[in-house]
$ cat input-v3.cif   # mmCIF, C-alpha atoms
data_data
loop_
_atom_site.label_atom_id
_atom_site.label_comp_id
_atom_site.auth_asym_id
_atom_site.auth_seq_id
_atom_site.Cartn_x
_atom_site.Cartn_y
_atom_site.Cartn_z
CA MET A 1366 -12.84 -19.38 18.95
CA SER A 1367 -13.52 -16.86 21.64
CA ARG A 1368 -15.85 -17.83 24.39
CA ASP A 1369 -19.58 -17.63 23.83
CA ALA A 1370 -19.55 -14.68 21.46
CA PRO A 1371 -22.07 -15.62 18.81
CA GLY A 1372 -21.12 -14.53 15.33
CA TRP A 1373 -24.46 -12.93 14.57
CA LEU A 1374 -24.22 -10.69 17.63
CA ARG A 1375 -20.73 -9.53 16.74
CA PHE A 1376 -21.68 -8.93 13.18
CA GLY A 1377 -24.97 -7.34 14.18
CA THR A 1378 -23.41 -4.81 16.54
CA LEU A 1379 -20.81 -3.85 13.96
CA ALA A 1380 -23.47 -3.49 11.26
CA ALA A 1381 -25.57 -1.37 13.61
CA GLY A 1382 -22.55 0.81 14.25
CA LEU A 1383 -22.01 1.27 10.52
CA LEU A 1384 -25.65 2.06 9.91
CA PHE A 1385 -25.72 4.56 12.74
CA LEU A 1386 -22.86 6.37 11.08
CA VAL A 1387 -25.08 7.63 8.27
CA LEU A 1388 -28.55 7.47 9.82
CA PRO A 1389 -30.16 10.90 9.39
CA LEU A 1390 -30.31 12.59 12.79
CA PRO A 1391 -31.89 15.95 13.54
CA GLY A 1392 -29.85 19.15 13.63
CA PRO A 1393 -26.85 19.42 15.94
CA LEU A 1394 -27.04 15.75 16.84
CA ASP A 1395 -25.77 15.00 13.35
CA ALA A 1396 -22.35 16.48 14.04
CA ALA A 1397 -22.20 15.18 17.60
CA ARG A 1398 -23.28 11.65 16.81
CA PRO A 1399 -21.64 9.12 19.12
CA HIS A 1400 -19.40 6.67 17.34
CA LEU A 1401 -21.39 3.50 17.88
CA LEU A 1402 -19.00 1.45 15.75
CA ALA A 1403 -16.13 2.41 18.07
CA LEU A 1404 -18.20 1.35 21.06
CA ALA A 1405 -18.99 -1.98 19.44
CA LEU A 1406 -15.34 -2.65 18.60
CA ALA A 1407 -14.28 -1.61 22.09
CA TYR A 1408 -16.82 -3.97 23.61
CA TRP A 1409 -15.65 -6.95 21.62
CA ALA A 1410 -12.00 -6.19 22.22
CA LEU A 1411 -12.78 -6.04 25.92
CA GLU A 1412 -15.04 -9.03 26.30
CA ALA A 1413 -13.93 -11.48 23.66
CA PRO A 1414 -10.31 -10.90 22.77
CA GLY A 1415 -9.05 -12.86 19.85
CA ARG A 1416 -6.14 -12.89 17.51
CA GLY A 1417 -7.78 -11.00 14.72
CA ALA A 1418 -9.48 -8.23 16.71
CA MET A 1419 -7.32 -5.53 15.23
CA ALA A 1420 -7.72 -6.80 11.68
CA VAL A 1421 -11.49 -6.87 12.18
CA ALA A 1422 -11.33 -3.30 13.52
CA TRP A 1423 -9.30 -2.17 10.56
CA VAL A 1424 -11.66 -3.72 8.03
CA ALA A 1425 -14.71 -2.37 9.86
CA GLY A 1426 -13.09 1.05 9.85
CA LEU A 1427 -12.49 0.78 6.13
CA PHE A 1428 -16.16 -0.01 5.65
CA ALA A 1429 -16.96 3.03 7.75
CA ASP A 1430 -14.77 5.13 5.46
CA VAL A 1431 -16.63 3.92 2.41
CA VAL A 1432 -20.06 4.35 3.96
CA GLY A 1433 -19.34 7.69 5.60
CA GLY A 1434 -17.42 9.08 2.65
CA THR A 1435 -14.33 9.97 4.66
CA LEU A 1436 -10.78 9.68 3.39
CA LEU A 1437 -10.15 5.97 2.75
CA GLY A 1438 -8.13 4.60 5.65
CA GLU A 1439 -8.93 7.32 8.16
CA GLN A 1440 -11.50 5.49 10.24
CA ALA A 1441 -9.60 2.25 9.65
CA LEU A 1442 -6.58 3.78 11.35
CA ARG A 1443 -8.66 5.26 14.16
CA MET A 1444 -10.46 2.01 14.89
CA ALA A 1445 -7.24 0.00 14.84
CA VAL A 1446 -5.63 2.40 17.33
CA LEU A 1447 -8.72 2.26 19.53
CA VAL A 1448 -8.72 -1.52 19.64
CA PHE A 1449 -4.99 -1.56 20.28
CA LEU A 1450 -5.45 0.69 23.31
CA VAL A 1451 -8.32 -1.39 24.62
CA GLN A 1452 -6.25 -4.56 24.27
CA ARG A 1453 -3.30 -2.89 25.95
CA PHE A 1454 -5.29 -1.86 29.03
CA ARG A 1455 -7.71 -4.74 28.93
CA ALA A 1456 -6.71 -6.14 32.31
CA GLN A 1457 -7.47 -2.85 34.05
CA LEU A 1458 -10.55 -1.94 32.02
CA ARG A 1459 -12.23 -5.27 32.60
CA PHE A 1460 -12.23 -4.94 36.35
CA PHE A 1461 -13.30 -1.33 36.52
CA PRO A 1462 -16.83 -0.68 37.72
CA LEU A 1463 -19.08 0.43 34.93
CA TRP A 1464 -18.83 4.17 35.60
CA GLN A 1465 -15.05 4.06 35.62
CA GLN A 1466 -15.13 2.05 32.46
CA SER A 1467 -17.32 4.71 30.87
CA ALA A 1468 -14.83 7.38 31.84
CA ALA A 1469 -12.05 5.33 30.28
CA VAL A 1470 -14.10 4.87 27.11
CA GLY A 1471 -14.70 8.61 27.08
CA LEU A 1472 -10.96 9.15 27.18
CA LEU A 1473 -10.48 6.66 24.36
CA LEU A 1474 -13.05 8.50 22.26
CA LEU A 1475 -11.37 11.80 23.06
CA ASN A 1476 -8.10 10.34 21.86
CA ASP A 1477 -9.96 9.18 18.78
CA LEU A 1478 -11.22 12.72 18.19
CA ALA A 1479 -7.71 14.10 18.53
CA LEU A 1480 -6.45 11.53 16.05
CA MET A 1481 -9.21 12.43 13.61
CA ALA A 1482 -8.50 16.13 13.98
CA SER A 1483 -4.80 15.64 13.31
CA ILE A 1484 -5.46 13.48 10.24
CA ARG A 1485 -7.86 16.05 8.83
CA LEU A 1486 -5.50 18.88 9.61
CA ILE A 1487 -2.78 17.13 7.64
CA ALA A 1488 -5.21 16.38 4.81
CA GLY A 1489 -6.18 20.04 4.66
CA ALA A 1490 -9.69 19.89 6.08
CA GLY A 1491 -10.75 22.16 8.94
CA LEU A 1492 -10.64 21.52 12.65
CA PRO A 1493 -13.74 20.20 14.41
CA HIS A 1494 -15.89 22.81 16.05
CA GLY A 1495 -19.03 23.11 18.11
CA PRO A 1496 -21.10 19.98 18.48
CA ALA A 1497 -18.39 17.66 17.10
CA LEU A 1498 -16.54 18.13 20.39
CA LEU A 1499 -19.53 16.74 22.25
CA ALA A 1500 -19.38 13.38 20.47
CA PRO A 1501 -17.00 11.71 22.98
CA LEU A 1502 -19.21 12.92 25.82
CA LEU A 1503 -22.27 11.36 24.22
CA GLY A 1504 -20.28 8.18 23.63
CA LEU A 1505 -19.32 8.14 27.29
CA ALA A 1506 -22.95 8.53 28.32
CA LEU A 1507 -23.99 5.79 25.92
CA TRP A 1508 -21.37 3.23 26.98
CA PRO A 1509 -23.07 1.77 30.09
CA TRP A 1510 -26.33 1.24 28.24
CA TRP A 1511 -24.56 -0.21 25.25
CA PHE A 1512 -22.47 -2.48 27.46
CA LEU A 1513 -25.47 -3.75 29.42
CA LEU A 1514 -27.52 -4.27 26.27
CA VAL A 1515 -24.92 -6.33 24.45
CA ASP A 1516 -24.11 -8.21 27.67
CA ALA A 1517 -27.76 -9.11 28.14
CA LEU A 1518 -28.04 -10.32 24.57
CA ARG A 1519 -24.98 -12.47 25.04
CA LEU A 1520 -26.26 -13.89 28.30
CA ARG A 1521 -29.56 -14.85 26.75
CA HIS A 1522 -27.75 -16.57 23.94
CA ARG A 1523 -25.54 -18.48 26.38
CA GLU A 1524 -28.54 -19.65 28.38
CA ARG A 1525 -30.30 -20.88 25.32
CA VAL A 1526 -27.27 -22.72 23.99
CA GLY A 1527 -26.17 -24.08 27.35
CA ARG A 1528 -29.43 -25.84 27.89
CA MET B 223 -0.99 -16.41 30.99
CA ILE B 224 0.81 -14.33 33.55
CA GLN B 225 3.83 -16.44 34.40
CA SER B 226 6.25 -14.88 36.85
CA GLY B 227 9.94 -15.32 36.21
CA SER B 228 9.92 -15.50 32.46
CA PRO B 229 9.80 -12.14 30.74
CA ALA B 230 10.12 -13.65 27.29
CA PRO B 231 6.43 -14.46 26.67
CA LYS B 232 5.43 -11.02 27.91
CA LEU B 233 7.76 -9.41 25.44
CA SER B 234 6.47 -11.45 22.58
CA GLU B 235 2.93 -10.68 23.65
CA ALA B 236 3.64 -6.96 23.54
CA ALA B 237 5.22 -7.37 20.12
CA ALA B 238 2.22 -9.36 18.98
CA GLY B 239 0.04 -6.35 19.80
CA THR B 240 2.31 -3.70 18.40
CA LEU B 241 3.22 -5.27 15.10
CA PRO B 242 -0.34 -5.51 13.77
CA LEU B 243 -0.88 -1.92 14.89
CA LEU B 244 2.14 -0.76 12.94
CA ALA B 245 0.94 -2.73 9.94
CA CYS B 246 -2.51 -1.14 10.23
CA ILE B 247 -1.04 2.35 10.53
CA ALA B 248 1.23 1.82 7.54
CA LEU B 249 -1.59 0.40 5.42
CA SER B 250 -3.94 3.22 6.41
CA ALA B 251 -1.30 5.84 5.69
CA VAL B 252 -0.70 4.45 2.21
CA LEU B 253 -4.44 4.34 1.53
CA MET B 254 -5.04 7.84 2.82
CA VAL B 255 -2.22 9.36 0.81
CA ALA B 256 -3.34 7.53 -2.33
CA ASP B 257 -6.93 8.60 -1.80
CA HIS B 258 -6.01 12.19 -0.99
CA ARG B 259 -3.87 12.55 -4.08
CA GLY B 260 -6.56 10.97 -6.20
CA ASP B 261 -4.37 8.03 -7.18
CA LEU B 262 -7.09 5.49 -6.52
CA SER B 263 -8.80 4.68 -9.76
CA PRO B 264 -12.44 5.73 -10.12
CA ALA B 265 -13.30 2.09 -10.72
CA VAL B 266 -12.12 1.17 -7.21
CA ARG B 267 -14.18 3.97 -5.70
CA ALA B 268 -17.21 3.00 -7.76
CA THR B 269 -16.96 -0.62 -6.63
CA LEU B 270 -16.66 0.44 -3.00
CA SER B 271 -19.67 2.74 -3.32
CA THR B 272 -21.70 -0.07 -4.79
CA ALA B 273 -20.81 -2.14 -1.75
CA ALA B 274 -21.94 0.67 0.54
CA GLU B 275 -25.17 1.26 -1.35
CA PRO B 276 -27.30 -1.16 0.74
CA VAL B 277 -26.21 0.58 3.94
CA TRP B 278 -27.23 3.95 2.55
CA ARG B 279 -30.57 2.65 1.35
CA LEU B 280 -31.19 1.07 4.73
CA ALA B 281 -30.23 4.25 6.56
CA ALA B 282 -32.56 6.30 4.39
CA LEU B 283 -35.45 3.95 5.12
CA PRO B 284 -36.75 5.55 8.36
CA ALA B 285 -36.93 9.00 6.80
CA THR B 286 -38.60 7.62 3.68
CA ALA B 287 -41.13 5.72 5.77
CA TRP B 288 -41.80 8.84 7.80
CA ARG B 289 -42.46 10.90 4.69
CA TRP B 290 -44.71 8.21 3.31
CA ALA B 291 -46.67 8.03 6.53
CA ASP B 292 -46.87 11.80 6.60
CA THR B 293 -48.43 11.87 3.13
CA ALA B 294 -50.68 8.94 3.82
CA LEU B 295 -51.96 10.34 7.07
CA SER B 296 -52.25 14.02 6.24
CA ARG B 297 -55.82 15.13 5.95
CA GLN B 298 -57.66 15.35 2.71
CA ASP B 299 -58.41 19.07 2.96
CA GLN B 300 -54.77 19.82 3.69
CA LEU B 301 -53.79 18.01 0.55
CA ALA B 302 -56.50 19.81 -1.41
CA ASP B 303 -55.24 23.17 -0.13
CA GLU B 304 -51.71 22.29 -1.09
CA ASN B 305 -52.89 21.18 -4.48
CA VAL B 306 -54.63 24.48 -5.11
CA ALA B 307 -51.56 26.43 -4.04
CA LEU B 308 -49.32 24.35 -6.27
CA ARG B 309 -51.62 24.74 -9.22
CA ARG B 310 -51.63 28.50 -8.79
CA GLU B 311 -47.84 28.48 -8.59
CA LEU B 312 -47.66 26.36 -11.73
CA GLN B 313 -49.87 28.77 -13.64
CA LEU B 314 -47.67 31.66 -12.63
CA ARG B 315 -44.55 29.79 -13.66
CA ASP B 316 -46.10 28.81 -16.95
CA ALA B 317 -46.81 32.42 -17.77
CA GLN B 318 -43.24 33.38 -16.87
CA LEU B 319 -41.91 30.49 -18.89
CA ALA B 320 -43.87 31.46 -21.96
CA ARG B 321 -42.35 34.92 -21.81
CA LEU B 322 -38.90 33.47 -21.30
CA GLU B 323 -39.36 31.19 -24.25
CA ALA B 324 -40.05 34.18 -26.45
CA VAL B 325 -36.93 35.91 -25.17
CA ALA B 326 -34.88 32.77 -25.70
CA ARG B 327 -36.10 32.46 -29.26
CA GLU B 328 -35.26 36.05 -29.94
CA ASN B 329 -31.86 35.53 -28.42
CA GLN B 330 -31.28 32.51 -30.59
CA ARG B 331 -32.18 34.50 -33.69
CA LEU B 332 -29.90 37.36 -32.75
CA ARG B 333 -27.07 34.95 -32.11
CA ALA B 334 -27.67 33.36 -35.47
CA LEU B 335 -27.49 36.84 -37.01
CA LEU B 336 -24.19 37.43 -35.29
CA GLY B 337 -22.95 34.09 -36.54
CA GLY B 338 -22.19 32.90 -33.06
CA LYS B 339 -22.92 29.49 -31.74
CA GLY B 340 -23.92 28.49 -28.30
CA ASP B 341 -27.19 27.24 -27.14
CA PHE B 342 -29.11 28.22 -24.11
CA ARG B 343 -31.37 25.25 -24.25
CA LEU B 344 -30.37 22.70 -21.79
CA ALA B 345 -31.18 19.16 -20.94
CA VAL B 346 -31.71 18.23 -17.34
CA ARG B 347 -32.66 15.12 -15.50
CA MET B 348 -34.22 14.89 -12.11
CA ALA B 349 -32.48 13.01 -9.32
CA GLY B 350 -33.47 12.43 -5.73
CA ILE B 351 -31.24 13.03 -2.75
CA VAL B 352 -30.78 9.89 -0.67
CA ASP B 353 -31.50 10.89 2.89
CA VAL B 354 -28.26 9.93 4.63
CA ASP B 355 -25.87 12.05 6.63
CA LEU B 356 -22.45 11.68 5.09
CA ASP B 357 -19.42 12.99 6.94
CA PRO B 358 -20.72 16.21 8.53
CA TRP B 359 -17.40 17.96 7.93
CA ARG B 360 -17.80 17.89 4.21
CA GLN B 361 -20.58 19.29 2.14
CA ARG B 362 -21.74 16.41 0.04
CA VAL B 363 -24.97 14.71 -0.91
CA ARG B 364 -25.76 11.30 -2.24
CA LEU B 365 -27.97 11.10 -5.34
CA ASP B 366 -30.04 8.13 -6.44
CA ARG B 367 -29.02 8.20 -10.09
CA GLY B 368 -25.84 6.62 -11.35
CA SER B 369 -23.95 5.66 -14.47
CA ALA B 370 -26.89 3.48 -15.51
CA ASP B 371 -28.87 6.71 -15.97
CA GLY B 372 -26.08 8.47 -17.84
CA VAL B 373 -24.66 10.43 -14.92
CA GLU B 374 -21.00 11.36 -15.35
CA VAL B 375 -18.33 12.82 -13.13
CA GLY B 376 -18.21 16.59 -13.53
CA GLN B 377 -21.86 17.14 -14.30
CA ALA B 378 -23.36 20.27 -12.80
CA VAL B 379 -26.12 19.86 -10.25
CA ILE B 380 -28.74 22.60 -9.92
CA ASP B 381 -32.01 23.18 -8.13
CA ALA B 382 -34.77 25.72 -8.51
CA GLY B 383 -32.64 28.41 -6.86
CA GLY B 384 -29.44 27.95 -8.83
CA MET B 385 -26.14 26.08 -8.79
CA LEU B 386 -25.88 23.37 -6.18
CA GLY B 387 -22.60 21.68 -7.00
CA GLN B 388 -21.12 19.02 -9.21
CA VAL B 389 -20.95 15.26 -9.41
CA VAL B 390 -17.63 13.96 -8.10
CA GLN B 391 -18.14 10.25 -8.02
CA VAL B 392 -20.44 7.85 -9.80
CA SER B 393 -21.36 4.24 -9.21
CA GLU B 394 -23.92 2.22 -11.09
CA HIS B 395 -27.06 3.34 -9.28
CA GLY B 396 -25.90 6.33 -7.29
CA ALA B 397 -23.63 9.32 -7.37
CA THR B 398 -22.00 11.66 -4.89
CA ALA B 399 -22.20 15.39 -5.51
CA LEU B 400 -19.88 17.95 -3.97
CA LEU B 401 -21.77 21.07 -2.96
CA LEU B 402 -20.66 24.60 -3.79
CA THR B 403 -20.05 25.27 -0.13
CA ASP B 404 -17.54 22.46 0.42
CA ALA B 405 -14.17 23.88 1.38
CA SER B 406 -12.53 22.17 -1.60
CA HIS B 407 -14.98 23.46 -4.19
CA SER B 408 -14.64 26.57 -6.33
CA VAL B 409 -16.70 27.87 -9.21
CA PRO B 410 -15.96 30.63 -11.73
CA VAL B 411 -18.57 33.36 -11.35
CA GLN B 412 -19.49 36.71 -12.78
CA VAL B 413 -21.15 39.71 -11.16
CA VAL B 414 -24.37 40.32 -13.06
CA ARG B 415 -24.34 44.11 -12.58
CA THR B 416 -20.81 44.77 -13.82
CA GLY B 417 -19.67 41.61 -15.59
CA LEU B 418 -16.70 41.31 -13.22
CA ARG B 419 -15.26 37.78 -13.31
CA LEU B 420 -14.34 36.11 -10.03
CA VAL B 421 -14.02 32.73 -8.40
CA ALA B 422 -16.30 31.71 -5.55
CA VAL B 423 -14.97 29.09 -3.14
CA GLY B 424 -16.80 27.13 -0.47
CA THR B 425 -16.24 27.65 3.22
CA GLY B 426 -17.54 24.39 4.68
CA LYS B 427 -20.60 26.17 6.06
CA SER B 428 -23.80 25.60 4.17
CA ASP B 429 -24.85 29.25 4.22
CA THR B 430 -21.65 30.98 3.13
CA LEU B 431 -19.53 31.25 0.00
CA SER B 432 -16.31 33.19 -0.04
CA VAL B 433 -15.03 35.25 -2.97
CA PRO B 434 -11.35 35.99 -2.33
CA ASN B 435 -8.77 38.08 -4.20
CA ILE B 436 -10.96 40.84 -5.55
CA PRO B 437 -8.89 43.84 -6.71
CA GLN B 438 -9.33 46.98 -4.60
CA SER B 439 -10.61 48.89 -7.59
CA ALA B 440 -13.27 46.34 -8.47
CA ASP B 441 -16.87 47.40 -8.50
CA ILE B 442 -18.67 45.02 -6.19
CA ARG B 443 -21.04 45.72 -3.33
CA ASP B 444 -23.67 44.18 -1.09
CA GLY B 445 -26.61 42.70 -2.90
CA ASP B 446 -24.75 41.95 -6.13
CA LEU B 447 -25.90 38.77 -7.80
CA LEU B 448 -23.26 36.22 -8.81
CA VAL B 449 -23.90 33.83 -11.69
CA THR B 450 -21.74 31.12 -13.23
CA SER B 451 -19.54 32.56 -15.95
CA GLY B 452 -19.13 29.32 -17.86
CA ILE B 453 -15.37 29.79 -17.99
CA GLY B 454 -13.59 26.50 -17.72
CA GLY B 455 -16.42 24.73 -19.45
CA ARG B 456 -17.47 22.70 -16.46
CA PHE B 457 -20.54 24.62 -15.46
CA PRO B 458 -23.00 26.05 -17.96
CA ALA B 459 -23.08 29.86 -17.89
CA GLY B 460 -25.80 31.92 -16.35
CA PHE B 461 -26.91 29.97 -13.30
CA ALA B 462 -27.39 31.90 -10.09
CA VAL B 463 -24.67 31.11 -7.56
CA GLY B 464 -25.31 33.54 -4.76
CA THR B 465 -25.86 37.05 -3.50
CA VAL B 466 -23.04 39.15 -2.04
CA ARG B 467 -23.67 39.74 1.63
CA ALA B 468 -20.54 41.56 2.80
CA VAL B 469 -17.40 43.00 1.23
CA GLY B 470 -14.28 43.82 3.18
CA PRO B 471 -10.49 43.86 2.98
CA ASP B 472 -8.82 40.46 3.29
CA ASP B 473 -5.99 39.58 5.67
CA THR B 474 -3.28 41.06 3.46
CA ARG B 475 -5.22 44.34 3.02
CA LEU B 476 -4.19 44.26 -0.63
CA PHE B 477 -7.36 42.68 -1.92
CA LEU B 478 -11.01 42.61 -1.09
CA ARG B 479 -12.91 39.56 0.04
CA ALA B 480 -16.63 39.11 -0.34
CA GLU B 481 -19.02 36.80 1.42
CA ALA B 482 -22.02 35.50 -0.45
CA THR B 483 -25.19 33.63 0.42
CA PRO B 484 -25.73 30.65 -1.91
CA ALA B 485 -28.74 30.91 -4.18
CA ALA B 486 -29.57 27.22 -4.13
CA GLN B 487 -31.35 25.63 -1.23
CA LEU B 488 -28.35 23.67 -0.08
CA ASP B 489 -29.78 22.12 3.03
CA ARG B 490 -33.37 21.82 1.97
CA GLY B 491 -35.24 20.06 -0.78
CA LEU B 492 -35.05 16.44 -1.79
CA GLU B 493 -34.81 16.70 -5.54
CA VAL B 494 -32.16 18.19 -7.75
CA LEU B 495 -31.58 18.53 -11.47
CA LEU B 496 -28.55 17.11 -13.23
CA VAL B 497 -27.43 19.12 -16.23
CA MET B 498 -26.70 16.67 -19.02
CA ARG B 499 -23.82 17.31 -21.31
CA GLY B 500 -23.25 16.19 -24.86
CA GLU B 501 -25.64 16.92 -27.68
CA ILE B 502 -28.65 18.83 -26.63
CA ASP B 503 -31.87 16.99 -27.05
CA VAL B 504 -35.01 18.95 -26.48
CA GLY B 505 -36.86 15.76 -25.70
CA ILE B 506 -35.03 15.23 -22.43
CA GLY B 507 -36.13 17.49 -19.69
CA PRO B 508 -37.98 17.65 -16.46
CA PRO B 509 -40.84 15.17 -16.49
CA GLU B 510 -44.16 16.34 -17.80
CA PRO B 511 -46.57 17.27 -15.02
CA ALA B 512 -48.97 14.48 -14.34
CA PRO B 513 -52.37 15.00 -15.96
#
$ encode --input "input-v3.cif" --output "structure tokens"
Amino acid sequence: MSRDAPGWLRFGTLAAGLLFLVLPLPGPLDAARPHLLALALAYWALEAPGRGAMAVAWVAGLFADVVGGTLLGEQALRMAVLVFLVQRFRAQLRFFPLWQQSAAVGLLLLNDLALMASIRLIAGAGLPHGPALLAPLLGLALWPWWFLLVDALRLRHRERVGR
Amino acid sequence: MIQSGSPAPKLSEAAAGTLPLLACIALSAVLMVADHRGDLSPAVRATLSTAAEPVWRLAALPATAWRWADTALSRQDQLADENVALRRELQLRDAQLARLEAVARENQRLRALLGGKGDFRLAVRMAGIVDVDLDPWRQRVRLDRGSADGVEVGQAVIDAGGMLGQVVQVSEHGATALLLTDASHSVPVQVVRTGLRLVAVGTGKSDTLSVPNIPQSADIRDGDLLVTSGIGGRFPAGFAVGTVRAVGPDDTRLFLRAEATPAAQLDRGLEVLLVMRGEIDVGIGPPEPAP
């Protein structure tokens, strides 16, 4: 059992990420929507590493494929790679200040975009264009807020349980 | 964890990270290939869609609530105005329909005289579009009718403007329709003015259809209306598909290529009509207007 990571919070953030994947957003924001599920998985891989993190990421990605209607296995692969990279560089990432961490997350999301583009190119779909390229940037901007929010929720839970 | 002097645990730790990754990649690759080639059985897809249904419903909730609030809070006189406008529109349509009915009957009689078969009457069923944003790279919509309502894979989807697309996947209480403009969609069409038969393919952009491989000698020009030709038997004949917007030589310079604007309102509207196949029953149709 990983330290003080309540199940409902883990599950809740992942569910929120899934829901955000298909939530109707206005105009160009639709194509450039930040990948909240990736942020959630990155957070948990960073803060509460466990044995099954990659399996969880893969299954969550598979759910994302079903919900988002992408090729089955595409997001699963992307999320697994993302979590692998986070685990690999966990020691460094954890001790970065928040802004550096955001930059690193931005890079991870950019890598994710490249992976997605190559999968779709192989599958015969077009390359991303326009606002889709902004998605990693939005994810980068969102990371500090996301991180602080989930951290605060966790802290509150710990205080309540610890007492 | 970090013990100096013994590289063995470090190695095994690295392997412990890499092996699951390789397993994930392999599993994903198998799934993707199977899905791309269409090897996954429709039953698997249908089950998965049923599992995803709650998420879609939940995601559509804010928009639905917003629309409800909009109706509930709009002012009485606005609603009255809209009502008057709609009634006027309905009257106009009714008159047009009555004329069309006469033409259809005449057509039927003439066909009977010729000994041909084929029926222009058509059964449709209304379906709502579930307000979720599926993968923005593909042109698809989610409908709120499924196999429980008799929806089948391959059914044509139309709206007031014309052809919208076809149903590609059905679960019990929902279906996914591929729009005309998806890059993997093509539809056999005919130019109304000349009867020229062509195939219109999607481009991935919701305002453009492409009509490739037109012979140089073909008679086609800007403003030509394209309708479904009914060849292939998947789409009923005679539905508006689009209007030719530009004609030019293609990359090989051996053929022409036309661009068309879709007739249907692909990115607007919340209701569509599903064309039912099988025996034609006059009783099924768009719902009667409320009294």
$ closest_residue --input "input-v3.cif" --among "A:Gln1452, A:Ser1483, A:Asn1476, A:Gln1457" --to "chain B" --atoms "only C-alpha atoms"
A:Gln1452
$ resolve_selection --input "input-v3.cif" --expression "the PyMOL selection byres ((chain B and resi 420) around 6)" --output "PyMOL selection string"
chain B and resi 410-412+419+421
$ closest_residue --input "input-v3.cif" --among "B:Ala307, B:Val354, B:Ala462, B:Leu319" --to "chain A" --atoms "only C-alpha atoms"
B:Val354
$ resolve_selection --input "input-v3.cif" --expression "the PyMOL selection byres ((chain A) within 6 of (chain B))" --output "PyMOL selection string"
chain A and resi 1387-1389+1396+1432-1433+1437-1438+1442
$ residues_around --input "input-v3.cif" --residues "A:Gln1466" --least-positions-apart "4" --cutoff "10 Å" --atoms "all atoms listed in the file" --output "compact mmCIF listing (two decimals) with C-alpha atoms, in the coordinates of the input"
# COMPACT_ATOMS: atom_id res chain seq x y z
CA GLN A 1457 -7.47 -2.85 34.05
CA LEU A 1458 -10.55 -1.94 32.02
CA ARG A 1459 -12.23 -5.27 32.60
CA PHE A 1460 -12.23 -4.94 36.35
CA PHE A 1461 -13.30 -1.33 36.52
CA PRO A 1462 -16.83 -0.68 37.72
CA VAL A 1470 -14.10 4.87 27.11
CA GLY A 1471 -14.70 8.61 27.08
CA LEU A 1472 -10.96 9.15 27.18
CA LEU A 1505 -19.32 8.14 27.29
CA TRP A 1508 -21.37 3.23 26.98
CA PRO A 1509 -23.07 1.77 30.09
CA PHE A 1512 -22.47 -2.48 27.46
$ resolve_selection --input "input-v3.cif" --expression "the PyMOL selection byres ((chain A and resi 1492) around 12)" --output "PyMOL selection string"
(chain A and resi 1478-1491+1493-1495+1497-1498) or (chain B and resi 359-360+426)
$ atom_distance --input "input-v3.cif" --atom1 "atom CA of B:Ala399" --atom2 "atom CA of B:Gly424"
13.9 Å
$ residues_around --input "input-v3.cif" --residues "A:Leu1447" --least-positions-apart "6" --cutoff "10 Å" --atoms "only C-alpha atoms" --output "MDAnalysis selection string"
chainID A and resid 1403:1404 1406:1407 1410 1419 1422 1441 1453 1470 1473:1474 1476:1477
$ residues_around --input "input-v3.cif" --residues "stretch 475-487 of chain B" --least-positions-apart "5" --cutoff "8 Å" --atoms "all atoms listed in the file" --output "number ranges by chain"
B: 380-386, 429-438, 462-470
$ axis_aligned_box --input "input-v3.cif" --around "stretch 277-291 of chain B" --padding-each-side "4 Å" --output "JSON"
{"center_x": -36.4, "center_y": 5.7, "center_z": 4.9, "size_x": 28.5, "size_y": 18.3, "size_z": 15.0}
$ build_atoms --input "input-v3.cif" --residues "stretch 359-367 of chain B" --atoms "N, CA and C atoms" --output "tab-separated table (two decimals), in the frame of the given file"
chain	number	residue	atom	x	y	z
B	359	TRP	N	-18.42	16.94	8.15
B	359	TRP	CA	-17.40	17.96	7.93
B	359	TRP	C	-17.29	18.36	6.49
B	360	ARG	N	-17.89	17.57	5.62
B	360	ARG	CA	-17.80	17.89	4.21
B	360	ARG	C	-19.19	18.10	3.69
B	361	GLN	N	-19.28	18.96	2.69
B	361	GLN	CA	-20.58	19.29	2.14
B	361	GLN	C	-20.81	18.42	0.93
B	362	ARG	N	-21.48	17.31	1.15
B	362	ARG	CA	-21.74	16.41	0.04
B	362	ARG	C	-23.13	15.83	0.15
B	363	VAL	N	-23.70	15.43	-0.95
B	363	VAL	CA	-24.97	14.71	-0.91
B	363	VAL	C	-24.86	13.48	-1.78
B	364	ARG	N	-25.70	12.53	-1.47
B	364	ARG	CA	-25.76	11.30	-2.24
B	364	ARG	C	-27.00	11.34	-3.12
B	365	LEU	N	-26.84	11.08	-4.41
B	365	LEU	CA	-27.97	11.10	-5.34
B	365	LEU	C	-28.34	9.68	-5.74
B	366	ASP	N	-29.60	9.50	-6.13
B	366	ASP	CA	-30.04	8.13	-6.44
B	366	ASP	C	-29.98	7.80	-7.92
B	367	ARG	N	-29.21	8.56	-8.69
B	367	ARG	CA	-29.02	8.20	-10.09
B	367	ARG	C	-27.53	7.94	-10.31
